[in-house]
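Trainee: Input structure: query_37.txt, which contains compact mmCIF, C-alpha atoms.
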# COMPACT_ATOMS: atom_id res chain seq x y z
CA MET A 26 -87.86 14.79 -12.01
CA ALA A 27 -85.10 14.78 -14.64
CA LYS A 28 -81.59 13.74 -13.66
CA THR A 29 -79.47 16.87 -13.62
CA PHE A 30 -75.91 15.54 -13.59
CA TYR A 31 -74.54 19.05 -14.10
CA ILE A 32 -75.97 20.29 -10.77
CA PRO A 33 -73.84 19.30 -7.73
CA LYS A 34 -75.77 17.09 -5.30
CA THR A 35 -74.78 19.35 -2.40
CA TRP A 36 -76.63 22.33 -3.84
CA ASP A 37 -79.89 22.96 -1.99
CA LEU A 38 -81.86 24.42 -4.85
CA PRO A 39 -85.56 25.17 -4.33
CA GLY A 40 -88.03 22.78 -5.93
CA ALA A 41 -89.37 25.58 -8.14
CA ILE A 42 -86.00 25.66 -9.91
CA ARG A 43 -85.29 21.92 -9.92
CA LYS A 44 -88.56 21.07 -11.63
CA ARG A 45 -87.64 23.43 -14.49
CA LEU A 46 -84.31 21.72 -15.15
CA GLY A 47 -83.86 19.14 -17.88
CA GLU A 48 -81.37 16.32 -18.34
CA SER A 49 -79.19 18.63 -20.42
CA VAL A 50 -78.33 22.22 -19.64
CA GLY A 51 -80.34 23.52 -22.59
CA LYS A 52 -79.97 27.10 -23.71
CA GLN A 53 -78.08 29.66 -21.66
CA ARG A 54 -80.44 31.43 -19.27
CA LEU A 55 -81.04 32.74 -15.77
CA MET A 56 -83.52 31.07 -13.41
CA GLN A 57 -84.81 33.18 -10.52
CA GLU A 58 -87.08 31.60 -7.92
CA GLU A 59 -87.68 32.27 -4.22
CA GLY A 60 -84.67 34.59 -3.95
CA HIS A 61 -82.29 32.08 -5.59
CA LEU A 62 -80.44 32.78 -8.83
CA LEU A 63 -79.19 29.97 -11.08
CA LEU A 64 -77.14 30.81 -14.16
CA LEU A 65 -77.10 28.03 -16.76
CA LEU A 66 -74.17 28.70 -19.06
CA HIS A 67 -72.18 26.96 -21.80
CA GLN A 68 -68.46 26.43 -21.79
CA VAL A 69 -66.56 27.73 -24.83
CA PRO A 70 -67.88 25.70 -27.80
CA THR A 71 -65.80 24.20 -30.57
CA ALA A 72 -66.64 23.22 -34.13
CA GLU A 73 -66.33 19.53 -33.19
CA ASP A 74 -69.02 19.66 -30.47
CA ASP A 75 -71.31 22.19 -32.11
CA ALA A 76 -74.37 20.08 -31.24
CA ILE A 77 -73.24 19.44 -27.65
CA ARG A 78 -72.83 22.07 -24.97
CA ASN A 79 -70.78 21.46 -21.85
CA PRO A 80 -72.47 23.16 -18.88
CA MET A 81 -71.18 25.79 -16.50
CA VAL A 82 -73.61 26.56 -13.66
CA VAL A 83 -73.48 29.36 -11.09
CA TRP A 84 -75.81 29.57 -8.08
CA ARG A 85 -76.54 32.42 -5.65
CA ASN A 86 -78.49 31.33 -2.58
CA LEU A 87 -80.69 33.31 -0.22
CA ALA A 88 -77.70 34.25 1.95
CA GLY A 89 -76.01 35.88 -1.04
CA GLU A 90 -73.37 33.16 -1.30
CA TRP A 91 -72.13 32.21 -4.77
CA LYS A 92 -71.23 28.69 -5.89
CA SER A 93 -70.17 27.40 -9.29
CA ALA A 94 -69.48 24.11 -11.09
CA PRO A 95 -67.54 22.47 -12.62
CA VAL A 96 -65.18 25.40 -11.99
CA GLY A 97 -65.48 26.34 -8.32
CA GLY A 98 -65.12 29.73 -6.70
CA GLY A 99 -68.58 31.21 -7.09
CA LEU A 100 -68.28 34.66 -8.64
CA THR A 101 -64.55 34.09 -9.12
CA GLY A 102 -65.42 30.97 -11.10
CA LEU A 103 -67.86 32.99 -13.19
CA GLU A 104 -65.16 35.57 -13.87
CA ALA A 105 -62.78 32.78 -14.90
CA HIS A 106 -65.52 31.38 -17.16
CA VAL A 107 -65.96 34.73 -18.90
CA ALA A 108 -62.17 34.96 -19.26
CA THR A 109 -62.16 31.69 -21.25
CA TYR A 110 -64.38 33.38 -23.84
CA ARG A 111 -61.99 36.31 -24.03
CA THR A 112 -59.06 33.94 -24.58
CA ALA A 113 -60.92 32.02 -27.30
CA ILE A 114 -61.88 35.22 -29.14
CA LEU A 115 -58.32 36.54 -29.02
CA GLN A 116 -57.02 33.24 -30.38
CA LEU A 117 -59.48 33.34 -33.28
CA ASP A 118 -58.49 36.94 -33.97
CA GLU A 119 -54.84 35.90 -34.24
CA GLU A 120 -55.74 33.05 -36.58
CA VAL A 121 -57.72 35.41 -38.80
CA GLU A 122 -54.73 37.77 -38.94
CA SER A 123 -52.41 34.93 -40.01
CA ALA A 124 -54.83 33.29 -42.47
CA LYS A 125 -53.82 33.54 -46.13
CA THR A 126 -55.95 31.05 -48.05
CA ALA A 127 -59.68 30.42 -48.32
CA ARG A 128 -59.19 27.05 -46.60
CA GLN A 129 -57.54 28.69 -43.60
CA TYR A 130 -60.35 31.24 -43.34
CA PHE A 131 -62.91 28.43 -43.58
CA ASP A 132 -61.27 26.53 -40.73
CA VAL A 133 -61.45 29.66 -38.56
CA MET A 134 -65.07 30.33 -39.46
CA ARG A 135 -66.12 26.79 -38.49
CA ARG A 136 -65.13 27.58 -34.92
CA MET A 137 -66.10 31.23 -35.05
CA TYR A 138 -69.87 30.96 -35.56
CA PRO A 139 -70.59 28.63 -32.58
CA LEU A 140 -68.51 30.95 -30.41
CA GLN A 141 -70.39 33.98 -31.71
CA ARG A 142 -73.78 32.47 -30.84
CA SER A 143 -72.60 31.37 -27.40
CA THR A 144 -71.10 34.80 -26.66
CA ARG A 145 -74.37 36.53 -27.49
CA SER A 146 -76.30 34.20 -25.20
CA LEU A 147 -73.74 34.69 -22.44
CA LEU A 148 -74.18 38.45 -22.66
CA GLN A 149 -77.97 38.08 -22.41
CA VAL A 150 -77.62 36.03 -19.21
CA LEU A 151 -75.17 38.53 -17.73
CA GLN A 152 -77.50 41.40 -18.59
CA THR A 153 -80.45 39.61 -16.97
CA THR A 154 -78.34 38.93 -13.88
CA ARG A 155 -77.31 42.58 -13.82
CA GLU A 156 -80.99 43.58 -13.79
CA ALA A 157 -81.69 41.11 -10.97
CA LEU A 158 -78.75 42.43 -8.89
CA PRO A 159 -78.47 46.12 -9.81
CA GLU A 160 -76.14 46.94 -6.90
CA ASP A 161 -73.58 44.16 -7.40
CA THR A 162 -70.44 45.81 -8.80
CA ARG A 163 -68.81 42.54 -9.87
CA ILE A 164 -71.88 41.57 -11.87
CA ILE A 165 -71.89 45.00 -13.49
CA ASN A 166 -68.24 44.53 -14.47
CA LEU A 167 -68.99 41.06 -15.86
CA ARG A 168 -71.88 42.46 -17.89
CA ASP A 169 -69.61 45.18 -19.30
CA GLU A 170 -67.00 42.58 -20.18
CA GLY A 171 -69.71 40.55 -21.91
CA VAL A 172 -70.50 43.60 -24.05
CA GLU A 173 -66.82 43.85 -24.99
CA LEU A 174 -66.72 40.15 -25.83
CA GLU A 175 -69.70 40.45 -28.14
CA ARG A 176 -68.12 43.44 -29.87
CA GLY A 177 -64.84 41.55 -30.16
CA ILE A 178 -66.36 38.45 -31.78
CA GLU A 179 -68.35 40.66 -34.17
CA LEU A 180 -65.11 42.29 -35.33
CA VAL A 181 -63.47 38.89 -35.77
CA VAL A 182 -66.45 37.71 -37.85
CA ALA A 183 -66.29 40.82 -40.03
CA ASP A 184 -62.53 40.44 -40.55
CA ALA A 185 -62.87 36.76 -41.39
CA LYS A 186 -65.62 37.41 -43.94
CA SER A 187 -63.62 40.20 -45.57
CA GLY A 188 -60.52 38.01 -45.66
CA MET A 189 -62.45 35.10 -47.18
CA GLU A 190 -63.98 37.31 -49.87
CA PHE A 191 -60.61 38.85 -50.72
CA SER A 192 -58.97 35.41 -50.83
CA LEU A 193 -61.63 34.07 -53.18
CA ALA A 194 -61.42 37.15 -55.42
CA GLU A 195 -57.64 36.90 -55.52
CA ALA A 196 -57.80 33.19 -56.40
CA ALA A 197 -60.31 33.91 -59.18
CA SER A 198 -58.03 36.65 -60.53
CA GLN A 199 -55.03 34.31 -60.52
CA GLN A 200 -57.05 31.63 -62.31
CA ALA A 201 -58.12 34.16 -64.93
CA LEU A 202 -54.49 35.20 -65.48
CA ALA A 203 -53.41 31.57 -65.74
CA ALA A 204 -56.18 30.84 -68.24
CA ASP A 205 -55.18 33.87 -70.30
CA ALA A 206 -51.55 32.75 -70.32
CA ALA A 207 -52.63 29.23 -71.37
CA ASN A 208 -54.71 30.66 -74.20
CA HIS A 209 -51.74 32.75 -75.34
CA GLU A 210 -49.49 29.69 -75.43
CA ALA A 211 -52.17 27.75 -77.28
CA ARG A 212 -52.34 30.46 -79.94
CA ARG A 213 -48.57 30.33 -80.36
CA LEU A 214 -48.68 26.56 -80.79
CA ASN A 215 -51.50 26.88 -83.31
CA ARG A 216 -49.46 29.34 -85.33
CA LEU A 217 -46.43 27.06 -85.32
CA ALA A 218 -48.60 24.12 -86.35
CA ALA A 219 -50.15 26.22 -89.12
CA PHE A 220 -46.72 27.20 -90.40
CA PHE A 221 -45.28 23.68 -90.49
CA PHE A 222 -48.41 21.79 -91.54
CA PRO A 223 -48.04 22.27 -95.34
CA LEU A 224 -44.35 21.50 -95.16
CA ALA A 225 -44.95 18.44 -92.99
CA THR A 226 -47.51 17.19 -95.48
CA LEU A 227 -45.05 17.55 -98.35
CA VAL A 228 -42.30 15.86 -96.35
CA ALA A 229 -44.65 12.97 -95.62
CA VAL A 230 -45.40 12.61 -99.32
CA PHE A 231 -41.74 12.73 -100.34
CA GLY A 232 -40.87 10.39 -97.49
CA MET A 233 -42.55 7.57 -99.41
CA ASN A 234 -39.68 7.63 -101.94
CA PRO A 235 -36.03 6.61 -101.49
CA PRO A 236 -33.92 9.57 -100.26
CA ASP A 237 -31.59 9.49 -103.29
CA SER A 238 -34.46 9.84 -105.71
CA VAL A 239 -35.90 12.74 -103.68
CA TRP A 240 -32.66 14.74 -103.72
CA ARG A 241 -32.17 14.14 -107.45
CA ASN A 242 -35.71 15.19 -108.26
CA PRO A 243 -35.40 18.58 -110.05
CA GLY A 244 -38.70 19.80 -108.58
CA PHE A 245 -37.79 19.02 -104.94
CA TRP A 246 -36.49 22.45 -104.05
CA ALA A 247 -39.37 24.15 -105.82
CA VAL A 248 -41.85 22.08 -103.86
CA LEU A 249 -39.93 22.79 -100.64
CA GLY A 250 -40.02 26.52 -101.30
CA ALA A 251 -43.70 26.35 -102.15
CA GLY A 252 -44.33 24.51 -98.86
CA VAL A 253 -42.54 27.22 -96.88
CA LEU A 254 -44.46 29.97 -98.66
CA LEU A 255 -47.71 28.12 -98.11
CA GLY A 256 -46.79 27.78 -94.44
CA PHE A 257 -46.33 31.54 -94.14
CA PHE A 258 -49.69 32.03 -95.85
CA VAL A 259 -51.56 29.64 -93.52
CA HIS A 260 -49.77 31.16 -90.49
CA ALA A 261 -50.92 34.62 -91.57
CA LEU A 262 -54.52 33.40 -91.90
CA VAL A 263 -54.45 31.91 -88.37
CA ALA A 264 -52.79 34.99 -86.86
CA SER A 265 -55.37 37.30 -88.40
CA GLY A 266 -58.33 35.28 -87.05
CA PRO A 267 -61.17 36.75 -84.97
CA ARG A 268 -60.03 38.65 -81.85
CA LYS A 269 -61.75 39.63 -78.64
CA GLY A 270 -64.29 42.36 -79.07
CA SER A 271 -64.51 41.93 -82.85
Written as structure tokens, how would this file's structure read?

Mentor:
Amino acid sequence: MAKTFYIPKTWDLPGAIRKRLGESVGKQRLMQEEGHLLLLLHQVPTAEDDAIRNPMVVWRNLAGEWKSAPVGGGLTGLEAHVATYRTAILQLDEEVESAKTARQYFDVMRRMYPLQRSTRSLLQVLQTTREALPEDTRIINLRDEGVELERGIELVVADAKSGMEFSLAEAASQQALAADAANHEARRLNRLAAFFFPLATLVAVFGMNPPDSVWRNPGFWAVLGAGVLLGFFVHALVASGPRKGS
């Protein structure tokens, strides 16, 4: 028989249940044998222990007495266990409300999906227990709270997805605007370069001669004027280049 460290040694479970237990708690489920009920549950999961589930077990014996571990109190312990899910969902909801960037939404979603799966399984166990004990009011209330928890985590998931999509769309829009601004500045620089290129070429040519001889050269000012006019002409050619949609 497997070692079931998560079952207290003092619990007198029937053999029909013990032989179905494994070394780990496994999936969340209800075992019902010989009038005994054993709820195998998971504590609130986190993104860090997504592959590991910490157990929470609740047992109802033939006398109708409830026991629970590791949180004691029987049905009160089960109610406290369900309350931890409610607290975790409310905390995630607050984090979704305060998230602004895609990274923040991603961090929330890493913890959100394990909690969503565990909440669904918890509701299934509570519903099965409700069917096994149709007259137990506290079980009925716990089942109803499980329904509310599932609805709550579904709303958090929907809000997180919408927020992530909006954040990504907004970031893409900002990148497009930044790229457009960069292209506009590049066009301005190209026009300035086009205007000064002929003149810079002429200056480079004249720079090979002594300054005094350049100033005394009768054609200097004519060449300078021609360079400026040529700059305007090249600038006009660049400015009138192909445009979007042409």

Trainee: Is there a way to get, as a ChimeraX atom specification, all residues within 10 Å of the point (-71.0, 32.3, -37.9) in file coordinates, counting all atoms listed in the file?

Mentor: /A:133-142,178-179,182-183,185-186

Trainee: For the atom pair atom CA of Arg176 of chain A and atom CA of Asp161 of chain A, what is the interatomic distance in Å to one decimal place?

Mentor: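 Calculated distance between atom CA of Arg176 of chain A and atom CA of Asp161 of chain A is 23.1 Å.
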
Trainee: Take atom CA of Thr144 of chain A and atom CA of Arg85 of chain A and report the distance between them in Å, one decimal.

Mentor: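 We find that atom CA of Thr144 of chain A and atom CA of Arg85 of chain A lie 21.8 Å from each other.
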
Trainee: Within 6 Å of Leu64 of chain A, counting all atoms listed in the file, which residues qualify if same-chain residues fewer than 6 places away don't, as a list in words?

Mentor: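 Counting only the stated atoms, we get Leu55, Val82 and Val83 of chain A.
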
Trainee: Between A:Ile77, A:Ala94, A:Ile42, A:Leu87, which residue has the minimum interatomic distance to His106 of chain A, considering all atoms listed in the file?

Mentor: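 Looking at the shortest contact to His106 of chain A, the residue is A:Ala94.
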
Trainee: With distances taken over only C-alpha atoms, which residue among A:Asp132, A:Asp37, A:Asp184, A:Glu104 lies nearest Leu151 of chain A?

Mentor: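 Using only C-alpha atoms, Leu151 of chain A sits closest to A:Glu104.
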
Trainee: Could you tell me how far atom CA of Gly89 of chain A lies from atom CA of Val50 of chain A, in Å and to one decimal?

Mentor: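 These atoms are spaced 23.2 Å apart.
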
Trainee: Report as a ChimeraX atom specification all protein, DNA and RNA residues lying within 9 Å of Ser143 of chain A, evaluated on only C-alpha atoms, omitting residues in the same chain fewer than 4 positions from it.

Mentor: /A:53,66-70,138-139,147-148

Trainee: Could you give me, as a ChimeraX atom specification, the residues that sit within 9 Å of (-62.4, 30.9, -26.9) in the file's coordinates, counting all atoms listed in the file?

Mentor: /A:69-71,108-117,137,140

Trainee: Under the rule that all atoms listed in the file are counted, which of A:Thr29, A:Thr153, A:Thr35, A:Ser146 is the nearest residue to Ser93 of chain A?

Mentor: A:Thr35
